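What follows is a set of notes on a single structure, which appears directly below.
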Amino acid sequence: MRLSKTIRDMFYLGLAQYSSVFFGFLTTIVLTRILTMDSYGKYNYIFSLLGFFVFLTLPGMTTPIMQAAANGYDKVLETGTKMRIKFSVLGSLCLLLFALFSYSKLKMDMFLLLIIAAVLFPFYICLSSYLYFLNGKRMFKIYFKYSFIEDIFIFAVMASIVAWTRSFWYAVIGILVSKITVDLFLYYRTLKLAKKNDRDYPDAKRLAGHYSVINFVGVAKEGYFEKILIGAYFSFAALAIYRIGEVIADQIKNLWIIIDNYIFPVVTKEEKSVARGKLPRRILTLLAIFIVLGMALIFCVQVLIPIFFTDKYVKSIPIAKLLIVSQIISVPGAAVILHCRAQKMVKEIYVIKSGQIVLYLILLLILIPKHGIMGIVWAIIISNFIYTLIALFLFFGKRVFTGAVLRKIGQAKVYIEGKLHGHKIYFIYDKKGWIIDYVSKELALNLDGGRVIGRFTLNNLEEGLSGKVVHFFDQFDCFNRGCGKISPDKNRFIGLWWHGLPNSDDPHIRMALDMIPLVSKKLTKIQVTNSIAKRTLLEHGVAEKKIICLPIGVNLSLFRPPLTESRRQAIRKSLGIPDNHYCIGLFQKDGVGWGEGLEPKHIKGPDIFLKVMEKLSQKFPIFALIPGPSRGFLKNGLKRIGVPCRCDGHLPLVSVALYYGACDLYIIPSRDEGGPAALLESMASGIPVVSTRVGMAADLLENGKNGFLVEVEDIDGLVDRVSELMKNRVLRSKFRESGFQTIKKYDWNIVAKQYQNFLYGPLLADLC
């Protein structure tokens, strides 16, 4: 099913792009056969100026429009287009300056044409934003339809005018007016789709600014700068010859645009680590495709140019071949830039693009005086090659060539920071975004403001450390990967057993369970957060005096009940939750990996949740609120059983706190847990909880007093307890109040003192 959809999407994208290519190619054939080389050169000079000054129209807005559309922020089409039109006045002013320059040279035809172009410029450039919106929405069939209408209308007008007048002047006017007319019509058609959702994209203006600066840095590499240079420095006839070579090479660029348009929305939705992991394979696949197609095109150039553009353009053949090579060379670099754009990695784009353009300008200064137009071509090839090397080294070179050096630098950083800040306690975490990373950060902030705490990864742990307390906040770093770094002679090491039952089918957990007897001998203490985890360690031979049970906490200044019922209703309305529906929350990450999450994480029980929701939907109108990354399995399952849901992906904690305020109750269907943090956050937010007997829920919840507990995998038990809460408003109110009273003693300020008094304090004293 997914493969057929991919093929269909690529088909429509291909049709749309090659519709533009086909009519663009026809336009070139018509103009080269009817106009003189000088007139065709002037035509290209005008449109090169228009293309060059696009960087003054906030062109970077097109990327946020695609990102926003992909994530459901539809209002950005209208706001983004209006913003671009305002900025484009700067481009019009620059065109007026060129018009005055033409007037000073007594080129009256160019003067009048540039005046008209300056007036029409904002609308000519900016109204086509609707295509980027449709692309982000993955409405590729409509994208093709609108693109085809635009192309055929503009071509028909231009061909009629040129055949009648044989004048490049009227051809330019016809294209400008016809494009604005059709774009205005299609823009308003698309706007009707966008107005179904009135959400604006908060990052749009910031990202548009960054991407527009990047566009300015790279504008000379878009092909317009060299054409303006040729027209001004050499002749319009020379520009016509160069342009025909570029038209042939552009067939490779057009294929890239199709692939970019298809892959960009996909990479936008991927987690950063997943997208980075897929990047090498994507680069190799794309490079193979472009090498094959590029070589085929090079062999055909000798025949194509005389057939389509007449023998007067045979001088374009060597230019075309070299420009095709330059396009192939740039494919890996373009793939890296696509990845950076989709993942909002603005800094990396600046580095790659700025390096390319500086080198390109230097090469132009060196090569043009000696080699003329061919000097421009060679400057493009060399700069594209260096651009690709910079991009690849930025992403892969450090890992391949300097991994060991960077690791030593990281260890030196640990040592220096320890000396400067007097770190006595080291937290080892994995930076992957797991909840336990957040726990280590909150704990560090609440222990003496973080001044005595250093947070580092396992790789950066200094091997010569002495007189410190080292707390592993990743159980697999401790029991699976970090065993060799634990030396208890000079330091005190604390392990964390977050969760893991003897009957687990997870290979990582089973390996950690097998390592408990060996690793526990090296550890001074092993922290657990609940009694179930403690029982597991005892069953695996760990002495009880070595185990310390300390819970995780919750930020009560962030997670708290909505101030008023009207505020709660406002939150629900903003999230699209129907008034008559019970909103059930499940915020824990329950998909394998950091991608779409189509494979369920068995331990979190998403399959149990779906079965519970299916039975509940037969009794009550329900709505599932499931924010967080990698929820594909759950989203697809809810769609299959007909339960409406909302999933906005990864959210900042401030937004997560608001989402709790929209819930009527929270279900924890897990088979095993360390917390979960959502248990504490729900109770702090005044949300009744129904949970399986796992993790801290087994210790915090008193069945029937401040929540409901059922046995693991007891689907009917979960359904019965949730149904009871839905029917009983008084019981829900009781659980809200009693749950909030229970959780008060788990504020991070209080919990951090327990860690200090019962864990870190005694161990630091032992080291003195």
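Here, A, B, ... name the chains of the structure tokens in the order displayed, residue numbers run from 1 inside each chain, and ligands are numbered from 1 in the same displayed order.
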**Phe708 (chain A) environment, 9 Å, only C-alpha atoms, sequence neighbours closer than 6 positions dropped, as number ranges by chain** = A: 688-692, 701-702, 718, 721-722
Could you turn the residues from that selection into a file that holds C-alpha atoms, as a compact mmCIF listing (two decimals), in the first residue's frame?
# COMPACT_ATOMS: atom_id res chain seq x y z
CA PRO A 688 -7.48 10.96 37.01
CA VAL A 689 -5.20 8.01 36.19
CA VAL A 690 -6.04 4.38 35.36
CA SER A 691 -2.86 2.32 35.20
CA THR A 692 -1.58 -1.21 35.02
CA LEU A 701 -1.72 4.77 43.39
CA GLU A 702 -4.02 3.53 46.13
CA LEU A 718 -8.89 -1.18 32.18
CA ARG A 721 -12.25 1.18 35.50
CA VAL A 722 -12.25 3.82 32.75
Counting only C-alpha atoms, what is within 12 Å of region 593-604 of chain A, bar same-chain residues fewer than 4 positions away, as a PDB file with C-alpha atoms, in the first residue's frame?
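Result file follows (part-v2.pdb):
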ATOM      1  CA  VAL A 266       9.396  13.023   4.410  1.00  0.00           C
ATOM      2  CA  VAL A 267      12.683  14.166   5.994  1.00  0.00           C
ATOM      3  CA  THR A 268      10.877  17.058   7.727  1.00  0.00           C
ATOM      4  CA  LYS A 269       8.787  14.568   9.724  1.00  0.00           C
ATOM      5  CA  GLU A 270      11.713  12.297  10.628  1.00  0.00           C
ATOM      6  CA  GLU A 271      13.530  12.538  13.935  1.00  0.00           C
ATOM      7  CA  LYS A 272      17.012  14.007  13.522  1.00  0.00           C
ATOM      8  CA  SER A 273      18.886  10.793  14.368  1.00  0.00           C
ATOM      9  CA  VAL A 274      16.735   8.750  11.963  1.00  0.00           C
ATOM     10  CA  ALA A 275      17.174  11.223   9.098  1.00  0.00           C
ATOM     11  CA  ARG A 276      20.927  11.346   9.647  1.00  0.00           C
ATOM     12  CA  GLY A 277      21.143   7.548   9.663  1.00  0.00           C
ATOM     13  CA  LYS A 278      19.341   7.335   6.308  1.00  0.00           C
ATOM     14  CA  LYS A 432      18.966  10.601  22.859  1.00  0.00           C
ATOM     15  CA  GLY A 433      15.984  12.427  24.289  1.00  0.00           C
ATOM     16  CA  TRP A 434      14.699   9.691  26.622  1.00  0.00           C
ATOM     17  CA  HIS A 499      13.039  -1.163  34.367  1.00  0.00           C
ATOM     18  CA  GLY A 500      13.381  -4.718  33.061  1.00  0.00           C
ATOM     19  CA  LEU A 501      11.579  -7.889  34.087  1.00  0.00           C
ATOM     20  CA  ASN A 503      10.410 -12.474  31.344  1.00  0.00           C
ATOM     21  CA  SER A 504      11.291  -9.593  28.969  1.00  0.00           C
ATOM     22  CA  ASP A 505      11.775 -10.444  25.273  1.00  0.00           C
ATOM     23  CA  ASP A 506      13.895  -7.296  24.682  1.00  0.00           C
ATOM     24  CA  ILE A 509      17.130  -5.886  28.730  1.00  0.00           C
ATOM     25  CA  LEU A 586      -1.472   8.662  26.421  1.00  0.00           C
ATOM     26  CA  PHE A 587       1.749  10.681  26.067  1.00  0.00           C
ATOM     27  CA  GLN A 588       4.473   8.018  26.474  1.00  0.00           C
ATOM     28  CA  LYS A 589       6.645   7.206  23.447  1.00  0.00           C
ATOM     29  CA  ILE A 608      -3.391  -2.957  24.823  1.00  0.00           C
ATOM     30  CA  PHE A 609      -4.382   0.711  24.544  1.00  0.00           C
ATOM     31  CA  LEU A 610      -5.948   0.131  21.116  1.00  0.00           C
ATOM     32  CA  GLY A 628       5.050  12.748  21.180  1.00  0.00           C
ATOM     33  CA  PRO A 629       7.450  11.218  18.639  1.00  0.00           C
ATOM     34  CA  SER A 630       7.142   7.854  16.880  1.00  0.00           C
ATOM     35  CA  ARG A 631       3.399   7.271  17.332  1.00  0.00           C
ATOM     36  CA  GLY A 632       2.720   5.774  13.890  1.00  0.00           C
ATOM     37  CA  PHE A 633       1.471   2.397  15.155  1.00  0.00           C
ATOM     38  CA  LEU A 634      -0.984   4.075  17.512  1.00  0.00           C
ATOM     39  CA  LYS A 635      -2.204   6.642  14.965  1.00  0.00           C
ATOM     40  CA  ASN A 636      -2.845   3.988  12.339  1.00  0.00           C
ATOM     41  CA  GLY A 637      -4.566   1.745  14.880  1.00  0.00           C
ATOM     42  CA  CYS A 647      -0.831  13.700  17.458  1.00  0.00           C
ATOM     43  CA  GLY A 649       4.765  14.894  17.338  1.00  0.00           C
ATOM     44  CA  HIS A 650       7.519  16.069  19.649  1.00  0.00           C
ATOM     45  CA  ILE A 667      -4.456   5.587  30.762  1.00  0.00           C
ATOM     46  CA  ILE A 668      -1.132   3.807  31.390  1.00  0.00           C
ATOM     47  CA  PRO A 669      -1.371   0.423  29.584  1.00  0.00           C
ATOM     48  CA  SER A 670       2.332  -0.523  29.976  1.00  0.00           C
ATOM     49  CA  ARG A 671       3.740  -3.980  30.684  1.00  0.00           C
ATOM     50  CA  ASP A 672       6.745  -2.512  32.525  1.00  0.00           C
ATOM     51  CA  GLU A 673       7.858   0.995  33.532  1.00  0.00           C
ATOM     52  CA  GLY A 674      10.417   2.898  35.565  1.00  0.00           C
ATOM     53  CA  GLY A 675       8.001   5.766  36.190  1.00  0.00           C
ATOM     54  CA  PRO A 676       6.468   6.735  33.951  1.00  0.00           C
ATOM     55  CA  SER A 691      -2.856   2.322  35.204  1.00  0.00           C
ATOM     56  CA  THR A 692      -1.577  -1.213  35.025  1.00  0.00           C
ATOM     57  CA  VAL A 694       3.846  -1.111  36.811  1.00  0.00           C
ATOM     58  CA  GLY A 695       6.695   1.124  37.950  1.00  0.00           C
ATOM     59  CA  VAL A 712      -0.801  -5.999  33.479  1.00  0.00           C
ATOM     60  CA  GLU A 713      -2.606  -6.932  30.205  1.00  0.00           C
TER      61      GLU A 713
END
**Asked** What gap, in Å, lies between CA of Tyr132 (chain A) and CA of Phe47 (chain A)?
**Response** 21.4 Å
**Tyr188 (chain A) surroundings by only C-alpha atoms, 12 Å radius, close-in-sequence under 2 positions cut, as a PyMOL selection string** = chain A and resi 77-78+81+127-131+146+181-186+190-195
**Item:** DSSP alpha helix (DSSP H) residues within region 664-728 of chain A, listed as a PyMOL selection string
**Value:** chain A and resi 677-684+697-700+715-727
**Item:** Minimum-distance residue to Ile319 (chain A), chosen among A:Met374, A:Ile548, A:Leu767, A:Val470 (using only C-alpha atoms)
**Value:**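 Distance minimum relative to Ile319 (chain A) lands on A:Met374.
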**Prompt:** What gap, in Å, lies between CA of Phe479 (chain A) and CA of Phe493 (chain A)?
**Reply:**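 Between CA of Phe479 (chain A) and CA of Phe493 (chain A) the gap is 12.1 Å.
Here CA of Asp311 (chain A) stands at a distance of 14.5 Å from CA of Leu31 (chain A).
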**Item:** Residue nearest Val656 (chain A) - candidates A:Val30, A:Ile626, A:Leu538, A:Leu49, atoms counted: only C-alpha atoms
**Value:**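 Using only C-alpha atoms, the shortest distance to Val656 (chain A) belongs to A:Ile626.
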**Message:** What's around Ser733 (chain A) at 9 Å? Count only C-alpha atoms, leave out sequence neighbours fewer than 4 positions away in its own chain, and write the answer as a PyMOL selection string.
**Reply:** chain A and resi 686+688+728-729+737-738
Env of region 148-157 of chain A: 10 Å cut, atoms = only C-alpha atoms, seq-sep filter 5 positions within chain, self excluded. Answer as a CSV table (one decimal) with all heavy atoms, in the first residue's frame.
chain,number,residue,atom,x,y,z
A,15,LEU,N,5.2,14.3,-13.3
A,15,LEU,CA,4.4,15.0,-14.3
A,15,LEU,C,4.4,16.5,-14.2
A,15,LEU,O,4.5,17.2,-15.2
A,15,LEU,CB,2.9,14.5,-14.2
A,15,LEU,CG,2.6,13.1,-14.8
A,15,LEU,CD1,1.2,12.8,-14.6
A,15,LEU,CD2,3.0,13.0,-16.3
A,16,ALA,N,4.3,17.0,-12.9
A,16,ALA,CA,4.3,18.4,-12.7
A,16,ALA,C,5.6,19.0,-13.1
A,16,ALA,O,5.6,20.1,-13.8
A,16,ALA,CB,4.0,18.7,-11.2
A,17,GLN,N,6.7,18.4,-12.7
A,17,GLN,CA,8.0,19.0,-13.0
A,17,GLN,C,8.3,18.9,-14.5
A,17,GLN,O,8.8,19.9,-15.1
A,17,GLN,CB,9.1,18.3,-12.3
A,17,GLN,CG,10.5,18.8,-12.5
A,17,GLN,CD,10.6,20.3,-12.0
A,17,GLN,OE1,9.9,20.7,-11.1
A,17,GLN,NE2,11.4,21.1,-12.7
A,18,TYR,N,8.0,17.8,-15.1
A,18,TYR,CA,8.3,17.7,-16.5
A,18,TYR,C,7.3,18.3,-17.4
A,18,TYR,O,7.5,18.6,-18.6
A,18,TYR,CB,8.5,16.2,-16.9
A,18,TYR,CG,10.0,15.9,-16.6
A,18,TYR,CD1,10.3,15.2,-15.5
A,18,TYR,CD2,11.0,16.3,-17.5
A,18,TYR,CE1,11.6,14.9,-15.2
A,18,TYR,CE2,12.3,16.0,-17.2
A,18,TYR,CZ,12.6,15.3,-16.0
A,18,TYR,OH,13.9,15.1,-15.7
A,19,SER,N,6.1,18.7,-16.9
A,19,SER,CA,5.2,19.6,-17.6
A,19,SER,C,5.9,21.0,-17.7
A,19,SER,O,6.0,21.6,-18.8
A,19,SER,CB,3.9,19.8,-16.8
A,19,SER,OG,3.3,21.0,-17.2
A,20,SER,N,6.5,21.5,-16.6
A,20,SER,CA,7.3,22.7,-16.6
A,20,SER,C,8.5,22.6,-17.6
A,20,SER,O,8.8,23.5,-18.4
A,20,SER,CB,7.8,23.1,-15.2
A,20,SER,OG,6.7,23.3,-14.4
A,21,VAL,N,9.2,21.5,-17.5
A,21,VAL,CA,10.3,21.3,-18.3
A,21,VAL,C,9.9,21.2,-19.8
A,21,VAL,O,10.6,21.9,-20.7
A,21,VAL,CB,11.0,19.9,-18.0
A,21,VAL,CG1,12.1,19.6,-19.0
A,21,VAL,CG2,11.6,20.0,-16.6
A,22,PHE,N,8.9,20.5,-20.1
A,22,PHE,CA,8.4,20.4,-21.5
A,22,PHE,C,8.0,21.7,-22.1
A,22,PHE,O,8.5,22.1,-23.2
A,22,PHE,CB,7.2,19.4,-21.5
A,22,PHE,CG,6.6,19.3,-22.9
A,22,PHE,CD1,7.2,18.6,-23.9
A,22,PHE,CD2,5.4,19.9,-23.2
A,22,PHE,CE1,6.7,18.4,-25.2
A,22,PHE,CE2,4.8,19.8,-24.4
A,22,PHE,CZ,5.4,19.1,-25.4
A,23,PHE,N,7.2,22.5,-21.4
A,23,PHE,CA,6.8,23.8,-21.9
A,23,PHE,C,7.9,24.8,-21.9
A,23,PHE,O,8.0,25.7,-22.8
A,23,PHE,CB,5.6,24.3,-21.1
A,23,PHE,CG,4.3,23.6,-21.5
A,23,PHE,CD1,3.7,22.7,-20.5
A,23,PHE,CD2,3.7,23.8,-22.7
A,23,PHE,CE1,2.6,22.0,-20.8
A,23,PHE,CE2,2.5,23.1,-23.0
A,23,PHE,CZ,2.0,22.2,-22.1
A,24,GLY,N,8.9,24.7,-20.9
A,24,GLY,CA,10.1,25.5,-21.0
A,24,GLY,C,10.9,25.2,-22.2
A,24,GLY,O,11.5,26.1,-22.8
A,26,LEU,N,9.8,23.8,-25.0
A,26,LEU,CA,9.1,24.3,-26.2
A,26,LEU,C,9.3,25.8,-26.3
A,26,LEU,O,9.5,26.3,-27.5
A,26,LEU,CB,7.6,24.0,-26.1
A,26,LEU,CG,7.2,22.6,-26.4
A,26,LEU,CD1,5.7,22.5,-26.3
A,26,LEU,CD2,7.6,22.2,-27.8
A,27,THR,N,9.3,26.5,-25.2
A,27,THR,CA,9.5,28.0,-25.3
A,27,THR,C,10.8,28.3,-25.8
A,27,THR,O,11.0,29.2,-26.7
A,27,THR,CB,9.3,28.6,-23.8
A,27,THR,OG1,8.0,28.3,-23.3
A,27,THR,CG2,9.6,30.1,-23.8
A,30,VAL,N,10.9,27.7,-29.6
A,30,VAL,CA,10.1,28.7,-30.4
A,30,VAL,C,11.0,30.0,-30.5
A,30,VAL,O,11.1,30.6,-31.5
A,30,VAL,CB,8.8,29.0,-29.7
A,30,VAL,CG1,8.1,30.3,-30.2
A,30,VAL,CG2,7.8,27.8,-29.8
A,128,SER,N,3.2,32.5,-6.7
A,128,SER,CA,3.4,31.0,-6.9
A,128,SER,C,3.6,30.2,-5.6
A,128,SER,O,3.9,29.0,-5.6
A,128,SER,CB,4.5,30.7,-7.9
A,128,SER,OG,5.7,31.2,-7.4
A,142,ILE,N,-3.2,17.6,-7.2
A,142,ILE,CA,-3.6,19.0,-7.4
A,142,ILE,C,-2.3,19.8,-7.8
A,142,ILE,O,-2.4,20.7,-8.6
A,142,ILE,CB,-4.2,19.5,-6.1
A,142,ILE,CG1,-5.4,18.7,-5.7
A,142,ILE,CG2,-4.6,21.0,-6.3
A,142,ILE,CD1,-6.1,19.1,-4.4
A,143,TYR,N,-1.2,19.5,-7.2
A,143,TYR,CA,0.0,20.2,-7.5
A,143,TYR,C,0.3,20.1,-9.0
A,143,TYR,O,0.6,21.1,-9.7
A,143,TYR,CB,1.2,19.6,-6.7
A,143,TYR,CG,2.6,20.2,-7.0
A,143,TYR,CD1,3.1,21.2,-6.2
A,143,TYR,CD2,3.4,19.7,-8.0
A,143,TYR,CE1,4.3,21.7,-6.4
A,143,TYR,CE2,4.6,20.2,-8.3
A,143,TYR,CZ,5.1,21.2,-7.5
A,143,TYR,OH,6.3,21.7,-7.7
A,162,VAL,N,4.9,35.9,-29.9
A,162,VAL,CA,6.1,35.8,-30.6
A,162,VAL,C,5.9,35.5,-32.1
A,162,VAL,O,6.5,36.1,-33.0
A,162,VAL,CB,7.1,34.8,-30.0
A,162,VAL,CG1,8.3,34.6,-30.9
A,162,VAL,CG2,7.5,35.2,-28.6
A,171,ALA,N,7.2,39.5,-26.1
A,171,ALA,CA,7.3,38.1,-25.4
A,171,ALA,C,7.5,38.2,-23.9
A,171,ALA,O,6.8,37.5,-23.1
A,171,ALA,CB,8.4,37.3,-26.0
A,174,GLY,N,4.2,39.5,-22.4
A,174,GLY,CA,3.2,38.5,-22.4
A,174,GLY,C,3.4,37.4,-21.3
A,174,GLY,O,2.5,37.0,-20.6
A,175,ILE,N,4.7,37.0,-21.1
A,175,ILE,CA,5.0,36.1,-20.0
A,175,ILE,C,4.7,36.6,-18.6
A,175,ILE,O,4.1,35.9,-17.8
A,175,ILE,CB,6.4,35.6,-20.1
A,175,ILE,CG1,6.6,34.7,-21.4
A,175,ILE,CG2,6.8,34.8,-18.9
A,175,ILE,CD1,8.0,34.3,-21.6
A,176,LEU,N,5.1,37.9,-18.4
A,176,LEU,CA,4.9,38.5,-17.1
A,176,LEU,C,3.4,38.6,-16.7
A,176,LEU,O,2.9,38.1,-15.7
A,176,LEU,CB,5.5,39.9,-17.0
A,176,LEU,CG,7.0,40.0,-17.0
A,176,LEU,CD1,7.5,41.4,-17.1
A,176,LEU,CD2,7.6,39.3,-15.8
A,177,VAL,N,2.6,39.1,-17.7
A,177,VAL,CA,1.2,39.3,-17.4
A,177,VAL,C,0.4,38.0,-17.3
A,177,VAL,O,-0.4,37.8,-16.4
A,177,VAL,CB,0.5,40.2,-18.5
A,177,VAL,CG1,-1.0,40.3,-18.4
A,177,VAL,CG2,1.2,41.6,-18.5
A,178,SER,N,0.7,37.0,-18.2
A,178,SER,CA,0.0,35.7,-18.2
A,178,SER,C,0.3,35.0,-16.9
A,178,SER,O,-0.6,34.3,-16.3
A,178,SER,CB,0.4,34.9,-19.4
A,178,SER,OG,1.8,34.6,-19.5
A,179,LYS,N,1.6,35.0,-16.5
A,179,LYS,CA,1.9,34.3,-15.2
A,179,LYS,C,1.2,34.9,-14.0
A,179,LYS,O,0.7,34.1,-13.2
A,179,LYS,CB,3.4,34.3,-15.0
A,179,LYS,CG,3.9,33.4,-13.8
A,179,LYS,CD,5.4,33.4,-13.7
A,179,LYS,CE,5.8,32.4,-12.6
A,179,LYS,NZ,5.3,32.7,-11.3
A,180,ILE,N,1.2,36.2,-13.9
A,180,ILE,CA,0.5,36.8,-12.8
A,180,ILE,C,-1.0,36.5,-12.8
A,180,ILE,O,-1.6,36.2,-11.8
A,180,ILE,CB,0.7,38.3,-12.8
A,180,ILE,CG1,2.2,38.7,-12.6
A,180,ILE,CG2,-0.2,39.0,-11.8
A,180,ILE,CD1,2.6,40.1,-12.8
A,181,THR,N,-1.6,36.5,-14.0
A,181,THR,CA,-3.0,36.2,-14.1
A,181,THR,C,-3.4,34.8,-13.6
A,181,THR,O,-4.3,34.6,-12.8
A,181,THR,CB,-3.5,36.4,-15.6
A,181,THR,OG1,-3.2,37.7,-16.0
A,181,THR,CG2,-5.0,36.2,-15.7
A,182,VAL,N,-2.7,33.8,-14.2
A,182,VAL,CA,-3.0,32.4,-13.8
A,182,VAL,C,-2.6,32.1,-12.4
A,182,VAL,O,-3.3,31.4,-11.7
A,182,VAL,CB,-2.3,31.5,-14.8
A,182,VAL,CG1,-0.8,31.4,-14.6
A,182,VAL,CG2,-2.9,30.1,-14.7
A,183,ASP,N,-1.5,32.7,-11.9
A,183,ASP,CA,-1.1,32.5,-10.5
A,183,ASP,C,-2.1,33.1,-9.5
A,183,ASP,O,-2.3,32.5,-8.4
A,183,ASP,CB,0.3,33.0,-10.2
A,183,ASP,CG,1.4,32.1,-10.7
A,183,ASP,OD1,1.1,31.0,-11.0
A,183,ASP,OD2,2.6,32.5,-10.7
A,185,PHE,N,-5.3,33.5,-9.9
A,185,PHE,CA,-6.4,32.6,-9.9
A,185,PHE,C,-6.2,31.3,-9.1
A,185,PHE,O,-7.0,31.0,-8.2
A,185,PHE,CB,-6.8,32.2,-11.4
A,185,PHE,CG,-7.9,31.2,-11.5
A,185,PHE,CD1,-9.2,31.5,-11.2
A,185,PHE,CD2,-7.5,29.9,-11.9
A,185,PHE,CE1,-10.2,30.5,-11.3
A,185,PHE,CE2,-8.5,28.9,-12.0
A,185,PHE,CZ,-9.8,29.2,-11.7
A,186,LEU,N,-5.0,30.7,-9.3
A,186,LEU,CA,-4.7,29.4,-8.6
A,186,LEU,C,-4.4,29.6,-7.2
A,186,LEU,O,-4.7,28.8,-6.3
A,186,LEU,CB,-3.6,28.7,-9.3
A,186,LEU,CG,-3.9,28.2,-10.8
A,186,LEU,CD1,-2.6,27.7,-11.4
A,186,LEU,CD2,-5.0,27.2,-10.8
**Message:** Residues near Tyr746 (chain A), anyone? I mean within 12 Å using only C-alpha atoms, not counting same-chain ones fewer than 5 positions away, as an MDAnalysis selection string.
**Reply:** chainID A and resid 550:556 559 677 679:681 683:684 696 700 739:741 751:754
